[in-house]
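Text of my_file.cif, listed as mmCIF, C-alpha atoms and all ligand atoms:
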data_data
loop_
_atom_site.label_atom_id
_atom_site.label_comp_id
_atom_site.auth_asym_id
_atom_site.auth_seq_id
_atom_site.Cartn_x
_atom_site.Cartn_y
_atom_site.Cartn_z
CA MET S 267 71.84 6.68 41.18
CA ALA S 268 71.91 10.41 40.55
CA ILE S 269 69.07 11.81 38.47
CA LYS S 270 70.32 12.02 34.91
CA TYR S 271 67.01 13.00 33.36
CA PRO S 272 64.94 15.27 35.61
CA ILE S 273 61.23 15.69 34.89
CA VAL S 274 61.73 19.43 34.26
CA ARG S 275 64.65 21.81 34.07
CA PRO S 276 63.76 25.49 33.82
CA VAL S 277 64.98 27.18 30.65
CA LEU S 278 67.34 30.10 31.22
CA PRO S 279 68.56 32.77 28.82
CA LEU S 280 72.27 33.59 28.59
CA LEU S 281 73.18 35.65 31.65
CA SER S 282 74.38 38.42 29.33
CA GLU S 283 70.96 38.52 27.63
CA TYR S 284 69.18 38.86 30.97
CA GLN S 285 71.72 41.42 32.17
CA LYS S 286 71.04 43.63 29.15
CA TYR S 287 67.45 44.12 30.38
CA ILE S 288 68.40 44.33 34.08
CA GLU S 289 70.90 47.13 33.46
CA GLY S 290 68.01 49.30 32.28
CA VAL S 291 66.08 48.48 35.46
CA PHE S 292 69.04 49.63 37.58
CA GLU S 293 69.53 52.79 35.52
CA ARG S 294 65.88 53.78 35.77
CA ASN S 295 65.46 52.54 39.36
CA TRP S 296 61.92 51.64 38.30
CA LEU S 297 61.29 48.19 39.77
CA THR S 298 57.57 47.56 39.44
CA ASN S 299 54.16 49.25 38.81
CA ASN S 300 53.74 49.31 35.04
CA GLY S 301 57.37 49.92 34.11
CA PRO S 302 58.73 49.95 30.56
CA LEU S 303 59.77 46.26 30.59
CA HIS S 304 56.31 45.27 31.78
CA TYR S 305 54.86 47.27 28.90
CA GLU S 306 57.30 45.78 26.40
CA LEU S 307 56.64 42.19 27.49
CA GLU S 308 52.88 42.69 27.47
CA THR S 309 52.92 44.19 23.98
CA ARG S 310 55.35 41.68 22.49
CA LEU S 311 53.59 38.72 24.07
CA ALA S 312 50.18 39.78 22.70
CA ASP S 313 51.80 40.18 19.31
CA TYR S 314 53.62 36.82 19.45
CA LEU S 315 50.46 34.98 20.55
CA GLY S 316 48.25 36.89 18.13
CA VAL S 317 45.71 38.07 20.72
CA ASP S 318 44.12 41.32 21.92
CA ASN S 319 43.30 42.25 25.49
CA LEU S 320 46.25 40.52 27.15
CA MET S 321 47.46 41.61 30.57
CA LEU S 322 50.32 40.34 32.69
CA VAL S 323 49.88 39.29 36.31
CA ALA S 324 52.08 37.93 39.08
CA ASN S 325 51.28 34.23 38.53
CA GLY S 326 48.88 31.80 36.87
CA THR S 327 46.78 31.24 39.98
CA LEU S 328 46.14 34.96 40.43
CA ALA S 329 45.32 35.05 36.71
CA LEU S 330 42.41 32.69 37.41
CA GLN S 331 41.29 34.57 40.55
CA VAL S 332 41.40 37.95 38.83
CA ALA S 333 39.53 36.57 35.80
CA TYR S 334 36.67 35.32 38.03
CA GLN S 335 36.50 38.67 39.79
CA ALA S 336 36.67 40.73 36.58
CA LEU S 337 33.96 38.57 34.96
CA GLU S 338 31.85 39.28 38.05
CA LEU S 339 31.26 35.68 39.11
CA THR S 340 29.92 36.95 42.39
CA GLU S 341 26.87 34.70 42.79
CA SER S 342 28.60 32.46 45.29
CA ALA S 343 25.55 30.23 45.76
CA SER S 344 25.96 28.91 42.23
CA PRO S 345 28.64 26.26 41.73
CA ILE S 346 31.31 26.50 39.05
CA LEU S 347 31.57 23.52 36.71
CA THR S 348 35.12 22.32 36.27
CA THR S 349 37.43 19.47 35.37
CA PRO S 350 38.82 17.02 37.92
CA PHE S 351 41.82 16.35 35.65
CA SER S 352 43.92 19.46 36.16
CA PHE S 353 46.45 21.02 38.48
CA ALA S 354 45.39 21.87 42.06
CA ALA S 355 45.21 25.60 41.26
CA THR S 356 42.21 25.12 38.96
CA ALA S 357 39.95 23.82 41.74
CA SER S 358 41.64 25.70 44.54
CA SER S 359 41.12 29.07 42.84
CA ILE S 360 37.38 28.35 42.63
CA GLY S 361 37.12 27.42 46.31
CA TRP S 362 39.24 30.41 47.33
CA HIS S 363 36.88 32.61 45.34
CA GLY S 364 34.05 31.37 47.55
CA HIS S 365 32.43 29.03 45.02
CA LYS S 366 31.68 25.34 45.16
CA CYS S 367 33.41 23.18 42.53
CA GLU S 368 31.09 20.85 40.64
CA PHE S 369 33.27 18.32 38.84
CA VAL S 370 32.24 16.99 35.43
CA ASP S 371 34.01 14.02 33.86
CA ILE S 372 36.58 14.16 31.07
CA ASP S 373 36.84 12.59 27.64
CA PRO S 374 39.03 9.46 27.97
CA THR S 375 40.98 10.25 24.80
CA THR S 376 41.51 14.03 24.81
CA LEU S 377 41.66 14.12 28.64
CA ASN S 378 39.70 17.40 28.56
CA LEU S 379 36.43 18.32 30.26
CA GLU S 380 33.63 16.82 28.17
CA PRO S 381 30.93 19.43 27.37
CA ASN S 382 28.35 16.75 26.49
CA LYS S 383 28.56 15.37 30.02
CA ILE S 384 27.28 18.61 31.55
CA THR S 385 23.61 18.15 32.39
CA LEU S 386 20.88 20.74 31.84
CA LYS S 387 20.37 20.86 35.58
CA GLN S 388 24.02 21.69 36.13
CA LEU S 389 23.92 24.34 33.41
CA SER S 390 20.93 26.10 34.91
CA ALA S 391 22.41 26.10 38.41
CA SER S 392 25.91 27.29 37.49
CA SER S 393 27.40 30.63 36.55
CA ALA S 394 30.55 29.47 34.83
CA VAL S 395 32.67 26.65 33.45
CA VAL S 396 36.40 26.53 34.12
CA ALA S 397 38.04 24.11 31.69
CA THR S 398 41.74 23.28 31.24
CA HIS S 399 43.45 22.72 27.89
CA VAL S 400 45.14 19.66 29.35
CA PHE S 401 48.85 19.41 28.44
CA GLY S 402 48.13 22.13 25.85
CA ASN S 403 45.51 20.10 23.93
CA PRO S 404 42.64 22.49 23.05
CA CYS S 405 39.24 21.74 24.61
CA ASP S 406 36.13 21.31 22.48
CA VAL S 407 35.92 25.10 22.38
CA LYS S 408 33.06 25.24 19.86
CA SER S 409 30.74 23.14 22.03
CA PHE S 410 31.60 25.22 25.08
CA GLU S 411 30.85 28.37 23.14
CA ALA S 412 27.44 26.98 22.14
CA LEU S 413 26.72 26.13 25.80
CA SER S 414 27.78 29.60 26.85
CA LYS S 415 25.37 31.25 24.40
CA GLN S 416 22.42 28.94 25.08
CA HIS S 417 22.67 29.04 28.86
CA ASN S 418 24.26 32.41 29.49
CA ILE S 419 27.23 31.09 31.41
CA LYS S 420 30.81 32.32 31.34
CA ILE S 421 33.62 30.14 30.03
CA ILE S 422 37.09 30.50 31.48
CA TYR S 423 39.99 28.44 30.14
CA ASP S 424 42.89 27.53 32.35
CA ALA S 425 45.39 27.72 29.50
CA ALA S 426 48.46 27.34 31.75
CA HIS S 427 49.74 24.57 29.44
CA ALA S 428 48.61 26.13 26.17
CA PHE S 429 51.30 28.71 25.49
CA GLY S 430 51.59 29.11 21.74
CA CYS S 431 48.75 26.64 20.99
CA ASP S 432 46.64 27.21 17.96
CA PHE S 433 43.10 26.14 17.09
CA ASP S 434 41.96 26.33 13.47
CA GLY S 435 44.96 28.51 12.62
CA GLU S 436 44.48 31.07 15.39
CA SER S 437 45.50 31.24 19.03
CA VAL S 438 43.35 29.02 21.23
CA LEU S 439 43.49 31.85 23.79
CA LYS S 440 40.90 33.73 21.74
CA TRP S 441 38.16 31.36 22.92
CA GLY S 442 36.10 31.80 26.07
CA ASP S 443 35.38 34.94 28.08
CA ALA S 444 38.90 34.69 29.47
CA SER S 445 41.93 32.43 29.14
CA THR S 446 44.71 32.37 31.69
CA LEU S 447 48.39 31.54 31.24
CA SER S 448 51.00 30.59 33.81
CA LEU S 449 54.51 31.93 33.26
CA HIS S 450 55.98 29.83 36.07
CA SER S 451 59.55 28.64 35.64
CA THR S 452 58.47 25.05 34.93
CA LYS S 453 56.37 26.09 31.93
CA ILE S 454 57.56 26.32 28.28
CA PHE S 455 57.84 30.08 28.48
CA HIS S 456 58.28 31.84 31.81
CA SER S 457 59.15 34.96 33.78
CA VAL S 458 60.32 32.98 36.89
CA GLU S 459 56.88 33.59 38.45
CA GLY S 460 54.23 35.17 36.30
CA GLY S 461 50.96 34.82 34.48
CA ALA S 462 48.70 36.47 31.95
CA ILE S 463 45.00 36.82 31.20
CA VAL S 464 43.50 37.18 27.74
CA PHE S 465 39.98 38.62 27.86
CA LYS S 466 37.47 38.46 25.06
CA LYS S 467 36.11 41.93 25.92
CA GLU S 468 38.14 45.05 26.46
CA ASP S 469 35.78 46.20 29.27
CA ASP S 470 36.75 43.15 31.32
CA LEU S 471 40.43 43.90 30.75
CA ILE S 472 40.01 47.49 31.92
CA ARG S 473 38.23 46.32 35.08
CA ALA S 474 40.91 43.72 35.73
CA ARG S 475 43.75 46.24 35.32
CA GLN S 476 42.25 48.32 38.10
CA MET S 477 41.68 45.25 40.27
CA ILE S 478 45.30 44.05 40.19
CA ASN S 479 46.49 47.39 41.56
CA PHE S 480 44.46 47.38 44.82
CA GLY S 481 41.33 48.60 42.99
CA PHE S 482 42.71 52.13 42.50
CA ASN S 483 41.04 54.15 39.75
CA ASN S 484 42.97 56.76 37.76
CA LYS S 485 42.49 59.27 40.59
CA GLN S 486 44.21 56.84 42.99
CA TYR S 487 40.89 56.22 44.71
CA PRO S 488 40.02 52.56 45.52
CA ASP S 489 36.49 52.48 44.10
CA LYS S 490 36.40 48.68 43.83
CA LEU S 491 37.86 45.75 45.71
CA GLY S 492 41.34 44.97 44.52
CA ILE S 493 44.36 42.81 45.07
CA ASN S 494 48.05 43.09 44.27
CA ALA S 495 48.76 40.91 41.24
CA LYS S 496 51.32 43.08 39.46
CA MET S 497 54.32 41.69 37.61
CA SER S 498 57.65 43.36 38.46
CA GLU S 499 60.27 44.68 36.05
CA VAL S 500 62.74 42.01 37.17
CA HIS S 501 60.25 39.29 36.22
CA ALA S 502 59.39 40.99 32.95
CA ALA S 503 63.14 41.09 32.15
CA MET S 504 63.30 37.29 32.36
CA GLY S 505 60.22 37.00 30.14
CA LEU S 506 61.72 39.33 27.54
CA SER S 507 65.07 37.58 27.40
CA LEU S 508 63.34 34.22 26.88
CA LEU S 509 60.87 35.61 24.36
CA ASP S 510 63.87 36.59 22.24
CA ASN S 511 64.63 32.84 21.89
CA ILE S 512 61.16 31.31 22.11
CA ASN S 513 61.06 29.77 18.63
CA VAL S 514 64.26 27.78 19.18
CA ILE S 515 63.11 26.70 22.66
CA GLN S 516 59.74 25.50 21.44
CA GLU S 517 60.90 23.78 18.25
CA GLN S 518 63.40 21.67 20.18
CA ARG S 519 60.71 20.56 22.65
CA ILE S 520 58.34 19.67 19.82
CA ARG S 521 61.05 17.55 18.15
CA CYS S 522 61.57 15.71 21.46
CA THR S 523 57.84 14.95 21.89
CA GLU S 524 57.69 13.68 18.30
CA ALA S 525 60.65 11.37 18.95
CA TYR S 526 59.05 10.11 22.18
CA HIS S 527 55.76 9.36 20.40
CA TYR S 528 57.54 7.52 17.61
CA GLN S 529 59.71 5.43 19.91
CA LEU S 530 57.05 4.61 22.50
CA LYS S 531 54.31 3.74 20.03
CA GLY S 532 52.59 0.55 21.17
CA VAL S 533 54.35 0.71 24.55
CA PHE S 534 51.94 3.19 26.15
CA GLU S 535 48.72 4.89 25.15
CA PHE S 536 48.84 8.61 24.37
CA GLN S 537 46.45 11.52 24.68
CA THR S 538 44.53 12.16 21.43
CA TRP S 539 45.33 15.64 20.19
CA SER S 540 42.75 17.95 18.60
CA GLU S 541 42.78 17.70 14.80
CA LYS S 542 42.58 21.47 14.57
CA SER S 543 45.75 22.02 16.54
CA SER S 544 49.34 20.85 16.85
CA ASN S 545 51.25 19.72 19.92
CA ASN S 546 53.14 22.64 21.52
CA GLY S 547 55.74 20.42 23.19
CA ALA S 548 54.71 21.41 26.71
CA TYR S 549 54.51 17.95 28.34
CA MET S 550 55.17 14.29 27.59
CA PRO S 551 52.35 12.34 29.27
CA VAL S 552 51.86 8.59 28.75
CA LEU S 553 49.10 6.31 29.99
CA CYS S 554 50.17 3.11 31.74
CA HIS S 555 48.01 -0.01 31.40
CA SER S 556 47.25 -0.03 35.10
CA GLU S 557 48.08 1.81 38.27
CA SER S 558 50.10 -1.19 39.44
CA GLN S 559 52.23 -1.01 36.27
CA LEU S 560 52.83 2.68 36.97
CA LEU S 561 53.67 2.08 40.62
CA SER S 562 56.29 -0.53 39.80
CA LEU S 563 57.71 1.36 36.81
CA MET S 564 58.29 4.70 38.55
CA PRO S 565 60.84 3.54 41.16
CA ARG S 566 62.55 1.32 38.57
CA LEU S 567 63.01 4.33 36.27
CA LEU S 568 64.31 6.41 39.14
CA GLU S 569 66.96 3.76 39.79
CA LEU S 570 67.96 4.22 36.15
CA GLY S 571 68.26 7.99 36.64
CA ILE S 572 64.92 8.90 35.03
CA GLN S 573 62.58 11.08 37.05
CA THR S 574 58.86 10.85 36.23
CA ARG S 575 55.85 12.55 37.72
CA ARG S 576 52.24 11.59 38.40
CA TYR S 577 50.61 14.60 36.81
CA PHE S 578 47.73 15.08 37.43
CA TYR S 579 47.18 12.88 40.44
CA PRO S 580 44.99 12.62 42.40
CA SER S 581 41.81 13.45 40.54
CA LEU S 582 40.66 16.79 42.02
CA SER S 583 37.17 15.33 42.57
CA GLU S 584 38.72 12.95 45.14
CA VAL S 585 40.32 15.71 47.22
CA PRO S 586 38.27 16.60 50.34
CA CYS S 587 39.06 20.33 50.43
CA TYR S 588 37.66 20.76 46.91
CA GLY S 589 34.28 19.41 48.04
CA MET S 590 34.21 16.08 46.15
CA ASN S 591 31.08 17.01 44.18
CA GLY S 592 30.42 15.10 40.99
CA ASP S 593 30.83 11.59 39.67
CA THR S 594 33.99 11.32 37.54
CA PRO S 595 35.02 7.67 37.05
CA ILE S 596 37.02 8.38 33.87
CA ALA S 597 39.14 11.13 35.40
CA ASN S 598 39.70 9.04 38.50
CA ASP S 599 40.94 6.13 36.40
CA ILE S 600 43.13 8.27 34.09
CA SER S 601 44.72 10.13 36.99
CA ARG S 602 45.83 6.81 38.49
CA ARG S 603 47.53 5.75 35.24
CA ILE S 604 49.02 8.96 33.88
CA LEU S 605 52.77 9.48 33.97
CA CYS S 606 54.75 12.45 32.66
CA LEU S 607 58.20 11.75 31.25
CA PRO S 608 61.20 14.11 31.29
CA LEU S 609 60.90 17.03 28.87
CA TYR S 610 62.90 20.22 29.19
CA ALA S 611 64.93 22.79 27.34
CA ASN S 612 68.22 21.58 25.89
CA MET S 613 67.09 17.96 25.93
CA THR S 614 68.58 16.19 22.92
CA LEU S 615 67.10 13.54 20.64
CA GLU S 616 69.85 11.21 21.95
CA ASP S 617 68.48 11.78 25.47
CA VAL S 618 65.00 10.78 24.27
CA THR S 619 66.36 7.63 22.59
CA ASP S 620 68.27 6.72 25.74
CA ILE S 621 65.21 7.28 27.97
CA CYS S 622 62.93 5.26 25.66
CA SER S 623 65.28 2.29 25.52
CA LEU S 624 65.67 2.35 29.32
CA ILE S 625 61.87 2.44 29.68
CA LYS S 626 61.47 -0.55 27.38
CA LYS S 627 64.13 -2.48 29.32
CA ALA S 628 62.49 -1.57 32.62
CA LEU S 629 59.11 -2.79 31.36
CA VAL S 630 60.58 -6.12 30.24
CA SER S 631 62.19 -6.61 33.64
CA LEU S 632 58.82 -6.00 35.33
CA ASP S 633 56.98 -8.68 33.35
C1 LIG K 701 51.05 25.82 36.54
C2 LIG K 701 49.56 25.74 36.52
C3 LIG K 701 48.75 26.67 37.21
C4 LIG K 701 49.30 27.64 38.21
O1 LIG K 701 50.16 28.57 37.72
P1 LIG K 701 51.16 29.35 38.71
O2 LIG K 701 51.79 30.35 37.79
O3 LIG K 701 52.14 28.34 39.22
O4 LIG K 701 50.35 29.96 39.79
C5 LIG K 701 47.39 26.59 37.05
N1 LIG K 701 46.81 25.65 36.27
C6 LIG K 701 47.54 24.74 35.62
C7 LIG K 701 46.84 23.73 34.74
C8 LIG K 701 48.94 24.73 35.73
O5 LIG K 701 49.66 23.79 35.11
#
Could I get this structure in the form of structure tokens?
Amino acid sequence: MAIKYPIVRPVLPLLSEYQKYIEGVFERNWLTNNGPLHYELETRLADYLGVDNLMLVANGTLALQVAYQALELTESASPILTTPFSFAATASSIGWHGHKCEFVDIDPTTLNLEPNKITLKQLSASSAVVATHVFGNPCDVKSFEALSKQHNIKIIYDAAHAFGCDFDGESVLKWGDASTLSLHSTKIFHSVEGGAIVFKKEDDLIRARQMINFGFNNKQYPDKLGINAKMSEVHAAMGLSLLDNINVIQEQRIRCTEAYHYQLKGVFEFQTWSEKSSNNGAYMPVLCHSESQLLSLMPRLLELGIQTRRYFYPSLSEVPCYGMNGDTPIANDISRRILCLPLYANMTLEDVTDICSLIKKALVSLD
């Protein structure tokens, strides 16, 4: 059967809305390198999210790499503590940066890296923690901040899922030395490919701005190592035309996740969301009772036209190229049982009801 409900479907603006921005790009013939649309998106995004020191980059993976470099995590002998329950880019960016990943286990309810599981030995040997706000659910940011102060280590949040997430009434992106966003087309808000970094300190932002343009200083002299991580005007145009509609896009996704939770209550277990935050409608993960339930359910749902995704699987601490350092039984178990259900722009509440009743039927037929 054809896929009726895909796992994701990128949100697009009206072509006319995109065109309005693109016409300006053609008129100016200014395609990249800090153009006016780049400036407008950066300013409006910082304002929308309620943060200072935000900069745009070419994608969410480069956002992580540039953050490590700008925060001067250069002591490559010291491992970086991180979560095994995240997307490949979290661990891969650390390895690519020349550091060893040391995986620490997650909390079985929030699915986030558990600060209390980091040992004193690990804290004294490491230079940084890279934690993910999994599915947009804020980490225990206060405990991480305490660790950072007591042990002089940097905290970087992979906030790729946390667009528009609050914590205690303010953007969660304000926590940590840096938080990184992905603006990839599968995310809630995107610029086709794109990313952003929010730094706590302006000095780090200034250093990072130079780094993403080959390390050139204002005299066009490369006085530090750099890379090319610039966002183009064409990408910024997509971001701007979606930002014009972001409230509608996000509210509809939140309504869908609420309907899913209501209709699947008792059928699956759900992630426990931080009490100081509200769900941003980024993903719809459910926990199956066992891996064997998941493995029989997935193909059955596909036959019914419902695409699902094992996200995140496998646990990053079980992947050889990330070094397999650290004992993480909880993450390994969760990653075998987690399943993300379809959630995308323009999904209706009728779609959610249809999907939930098909899931319930499929589960009965498996018993
Ligand atoms: C999407 C994602 C990234 C990577 O972002 P790109 O923009 O695709 O490079 C990193 N971390 C997490 C948790 C993600 O979901």
How many Å separate CA of Gly364 in chain S from CA of Cys587 in chain S? 12.5 Å
Mind listing whatever residues come within 7 Å of the point (61.0, -1.2, 21.6)? Use all atoms listed in the file, file coordinates, and give them as a PyMOL selection string. chain S and resi 529+623+626
Please write the residues from the selection above to a file, keeping C-alpha atoms, as a PDB file, in the frame of the given file.
ATOM      1  CA  GLN S 529      59.710   5.430  19.910  1.00  0.00           C
ATOM      2  CA  SER S 623      65.280   2.290  25.520  1.00  0.00           C
ATOM      3  CA  LYS S 626      61.470  -0.550  27.380  1.00  0.00           C
TER       4      LYS S 626
END
Proximity check chain S to ligand LIG 701 (chain K), 8 Å, nearest pairs one decimal Å, only C-alpha atoms and all ligand atoms, as JSON lines:
{"residue": "S:Ala324", "atom": "CA", "partner": "K:LIG701", "partner_atom": "O2", "distance": 7.7}
{"residue": "S:Asn325", "atom": "CA", "partner": "K:LIG701", "partner_atom": "O2", "distance": 4.0}
{"residue": "S:Gly326", "atom": "CA", "partner": "K:LIG701", "partner_atom": "O2", "distance": 3.4}
{"residue": "S:Thr327", "atom": "CA", "partner": "K:LIG701", "partner_atom": "O4", "distance": 3.8}
{"residue": "S:Leu328", "atom": "CA", "partner": "K:LIG701", "partner_atom": "O4", "distance": 6.6}
{"residue": "S:Ala329", "atom": "CA", "partner": "K:LIG701", "partner_atom": "O4", "distance": 7.8}
{"residue": "S:Leu330", "atom": "CA", "partner": "K:LIG701", "partner_atom": "C5", "distance": 7.9}
{"residue": "S:Ser352", "atom": "CA", "partner": "K:LIG701", "partner_atom": "C7", "distance": 5.4}
{"residue": "S:Phe353", "atom": "CA", "partner": "K:LIG701", "partner_atom": "C7", "distance": 4.6}
{"residue": "S:Ala354", "atom": "CA", "partner": "K:LIG701", "partner_atom": "N1", "distance": 7.1}
{"residue": "S:Ala355", "atom": "CA", "partner": "K:LIG701", "partner_atom": "C5", "distance": 4.8}
{"residue": "S:Thr356", "atom": "CA", "partner": "K:LIG701", "partner_atom": "N1", "distance": 5.4}
{"residue": "S:Thr398", "atom": "CA", "partner": "K:LIG701", "partner_atom": "C7", "distance": 6.2}
{"residue": "S:His399", "atom": "CA", "partner": "K:LIG701", "partner_atom": "C7", "distance": 7.7}
{"residue": "S:Val400", "atom": "CA", "partner": "K:LIG701", "partner_atom": "C7", "distance": 7.0}
{"residue": "S:Phe401", "atom": "CA", "partner": "K:LIG701", "partner_atom": "C7", "distance": 7.9}
{"residue": "S:Asp424", "atom": "CA", "partner": "K:LIG701", "partner_atom": "N1", "distance": 5.9}
{"residue": "S:Ala425", "atom": "CA", "partner": "K:LIG701", "partner_atom": "C7", "distance": 6.7}
{"residue": "S:Ala426", "atom": "CA", "partner": "K:LIG701", "partner_atom": "C6", "distance": 4.8}
{"residue": "S:His427", "atom": "CA", "partner": "K:LIG701", "partner_atom": "O5", "distance": 5.7}
{"residue": "S:Leu447", "atom": "CA", "partner": "K:LIG701", "partner_atom": "O1", "distance": 7.3}
{"residue": "S:Ser448", "atom": "CA", "partner": "K:LIG701", "partner_atom": "O2", "distance": 4.1}
{"residue": "S:Leu449", "atom": "CA", "partner": "K:LIG701", "partner_atom": "O2", "distance": 5.5}
{"residue": "S:His450", "atom": "CA", "partner": "K:LIG701", "partner_atom": "O2", "distance": 4.6}
{"residue": "S:Thr452", "atom": "CA", "partner": "K:LIG701", "partner_atom": "C1", "distance": 7.6}
{"residue": "S:Lys453", "atom": "CA", "partner": "K:LIG701", "partner_atom": "C1", "distance": 7.0}
{"residue": "S:Glu459", "atom": "CA", "partner": "K:LIG701", "partner_atom": "O2", "distance": 6.1}
{"residue": "S:Gly460", "atom": "CA", "partner": "K:LIG701", "partner_atom": "O2", "distance": 5.6}
{"residue": "S:Gly461", "atom": "CA", "partner": "K:LIG701", "partner_atom": "O2", "distance": 5.6}
So how far away is CA of Leu297 in chain S from CA of Leu506 in chain S, in Å? 15.1 Å
Need the neighbours of (38.7, 35.1, 37.0): which residues are at most 12 Å away, counting only C-alpha atoms, as an MDAnalysis selection string? chainID S and resid 323 326:340 346 356 359:360 362:363 365 394:396 420:424 442:447 462:465 470:471 473:474 477:478
Just C-alpha atoms for this one: save the residues we selected as an mmCIF file, in the coordinates of the input.
data_model
loop_
_atom_site.group_PDB
_atom_site.id
_atom_site.type_symbol
_atom_site.label_atom_id
_atom_site.label_comp_id
_atom_site.auth_asym_id
_atom_site.auth_seq_id
_atom_site.Cartn_x
_atom_site.Cartn_y
_atom_site.Cartn_z
ATOM 1 C CA VAL S 323 49.880 39.290 36.310
ATOM 2 C CA GLY S 326 48.880 31.800 36.870
ATOM 3 C CA THR S 327 46.780 31.240 39.980
ATOM 4 C CA LEU S 328 46.140 34.960 40.430
ATOM 5 C CA ALA S 329 45.320 35.050 36.710
ATOM 6 C CA LEU S 330 42.410 32.690 37.410
ATOM 7 C CA GLN S 331 41.290 34.570 40.550
ATOM 8 C CA VAL S 332 41.400 37.950 38.830
ATOM 9 C CA ALA S 333 39.530 36.570 35.800
ATOM 10 C CA TYR S 334 36.670 35.320 38.030
ATOM 11 C CA GLN S 335 36.500 38.670 39.790
ATOM 12 C CA ALA S 336 36.670 40.730 36.580
ATOM 13 C CA LEU S 337 33.960 38.570 34.960
ATOM 14 C CA GLU S 338 31.850 39.280 38.050
ATOM 15 C CA LEU S 339 31.260 35.680 39.110
ATOM 16 C CA THR S 340 29.920 36.950 42.390
ATOM 17 C CA ILE S 346 31.310 26.500 39.050
ATOM 18 C CA THR S 356 42.210 25.120 38.960
ATOM 19 C CA SER S 359 41.120 29.070 42.840
ATOM 20 C CA ILE S 360 37.380 28.350 42.630
ATOM 21 C CA TRP S 362 39.240 30.410 47.330
ATOM 22 C CA HIS S 363 36.880 32.610 45.340
ATOM 23 C CA HIS S 365 32.430 29.030 45.020
ATOM 24 C CA ALA S 394 30.550 29.470 34.830
ATOM 25 C CA VAL S 395 32.670 26.650 33.450
ATOM 26 C CA VAL S 396 36.400 26.530 34.120
ATOM 27 C CA LYS S 420 30.810 32.320 31.340
ATOM 28 C CA ILE S 421 33.620 30.140 30.030
ATOM 29 C CA ILE S 422 37.090 30.500 31.480
ATOM 30 C CA TYR S 423 39.990 28.440 30.140
ATOM 31 C CA ASP S 424 42.890 27.530 32.350
ATOM 32 C CA GLY S 442 36.100 31.800 26.070
ATOM 33 C CA ASP S 443 35.380 34.940 28.080
ATOM 34 C CA ALA S 444 38.900 34.690 29.470
ATOM 35 C CA SER S 445 41.930 32.430 29.140
ATOM 36 C CA THR S 446 44.710 32.370 31.690
ATOM 37 C CA LEU S 447 48.390 31.540 31.240
ATOM 38 C CA ALA S 462 48.700 36.470 31.950
ATOM 39 C CA ILE S 463 45.000 36.820 31.200
ATOM 40 C CA VAL S 464 43.500 37.180 27.740
ATOM 41 C CA PHE S 465 39.980 38.620 27.860
ATOM 42 C CA ASP S 470 36.750 43.150 31.320
ATOM 43 C CA LEU S 471 40.430 43.900 30.750
ATOM 44 C CA ARG S 473 38.230 46.320 35.080
ATOM 45 C CA ALA S 474 40.910 43.720 35.730
ATOM 46 C CA MET S 477 41.680 45.250 40.270
ATOM 47 C CA ILE S 478 45.300 44.050 40.190
#
Identify which of the residues S:Ile419, S:Leu377, S:Leu311, S:Ile372 lies closest to Val552 in chain S, counting all atoms listed in the file when measuring atom-to-atom distances.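 Of all the options, S:Leu377 lies closest to Val552 in chain S.
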Using all atoms listed in the file for the distances, tell me which of S:Thr309, S:Gln486, S:Ser451, S:Ser540 is nearest to Val407 in chain S.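 So, comparing all the options, the nearest one is S:Ser540.
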Taking all listed atoms of range 532-543 of chain S, build the axis-aligned box, pad each of the six sides by 3 Å, then write its centre and edge lengths in Å to one decimal as AutoDock Vina command-line options.
--center_x 48.5 --center_y 11.3 --center_z 20.4 --size_x 17.8 --size_y 27.5 --size_z 17.6
Would you mind listing what lies within 9 Å of Phe536 in chain S as a list in words, with all atoms listed in the file counted and same-chain residues fewer than 4 positions away left out? Thr375, His527, Lys531, Pro551, Val552 and Leu553 of chain S
Tell me, as an MDAnalysis selection string, which residues lie within 12 Å of Glu499 in chain S, counting all atoms listed in the file; anything in the same chain fewer than 3 positions away does not count. chainID S and resid 284 287:292 294:308 322:324 457:460 496 502:506
Which of S:Arg575, S:Arg603, S:His417, S:Arg519 sits closest to Phe534 in chain S [using only C-alpha atoms]: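 The answer is S:Arg603, which sits nearest to Phe534 in chain S.
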S:Val370, S:Ala343, S:Met497, S:Leu605: which is nearest Thr574 in chain S, counting only C-alpha atoms?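 When distances to Thr574 in chain S are compared using only C-alpha atoms, the smallest one comes from S:Leu605.
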Residues at most 12 Å from Asp633 in chain S, counting only C-alpha atoms, excluding those fewer than 3 positions away in the same chain, as a ChimeraX atom specification? /S:558-559,562-563,626-630
Quick one: write out the picked residues with C-alpha atoms as a PDB file, in the coordinates of the input?
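Result saved to part.pdb:
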ATOM      1  CA  SER S 558      50.100  -1.190  39.440  1.00  0.00           C
ATOM      2  CA  GLN S 559      52.230  -1.010  36.270  1.00  0.00           C
ATOM      3  CA  SER S 562      56.290  -0.530  39.800  1.00  0.00           C
ATOM      4  CA  LEU S 563      57.710   1.360  36.810  1.00  0.00           C
ATOM      5  CA  LYS S 626      61.470  -0.550  27.380  1.00  0.00           C
ATOM      6  CA  LYS S 627      64.130  -2.480  29.320  1.00  0.00           C
ATOM      7  CA  ALA S 628      62.490  -1.570  32.620  1.00  0.00           C
ATOM      8  CA  LEU S 629      59.110  -2.790  31.360  1.00  0.00           C
ATOM      9  CA  VAL S 630      60.580  -6.120  30.240  1.00  0.00           C
TER      10      VAL S 630
END
Using all atoms listed in the file, the best pick from S:Ala357, S:Val277, S:Leu561, S:Leu509 as closest to Met613 in chain S would be S:Val277
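Nearest residue to Glu468 in chain S among S:Asn319, S:Thr619, S:Ser631, S:Gln416 is S:Asn319, counting all atoms listed in the file.
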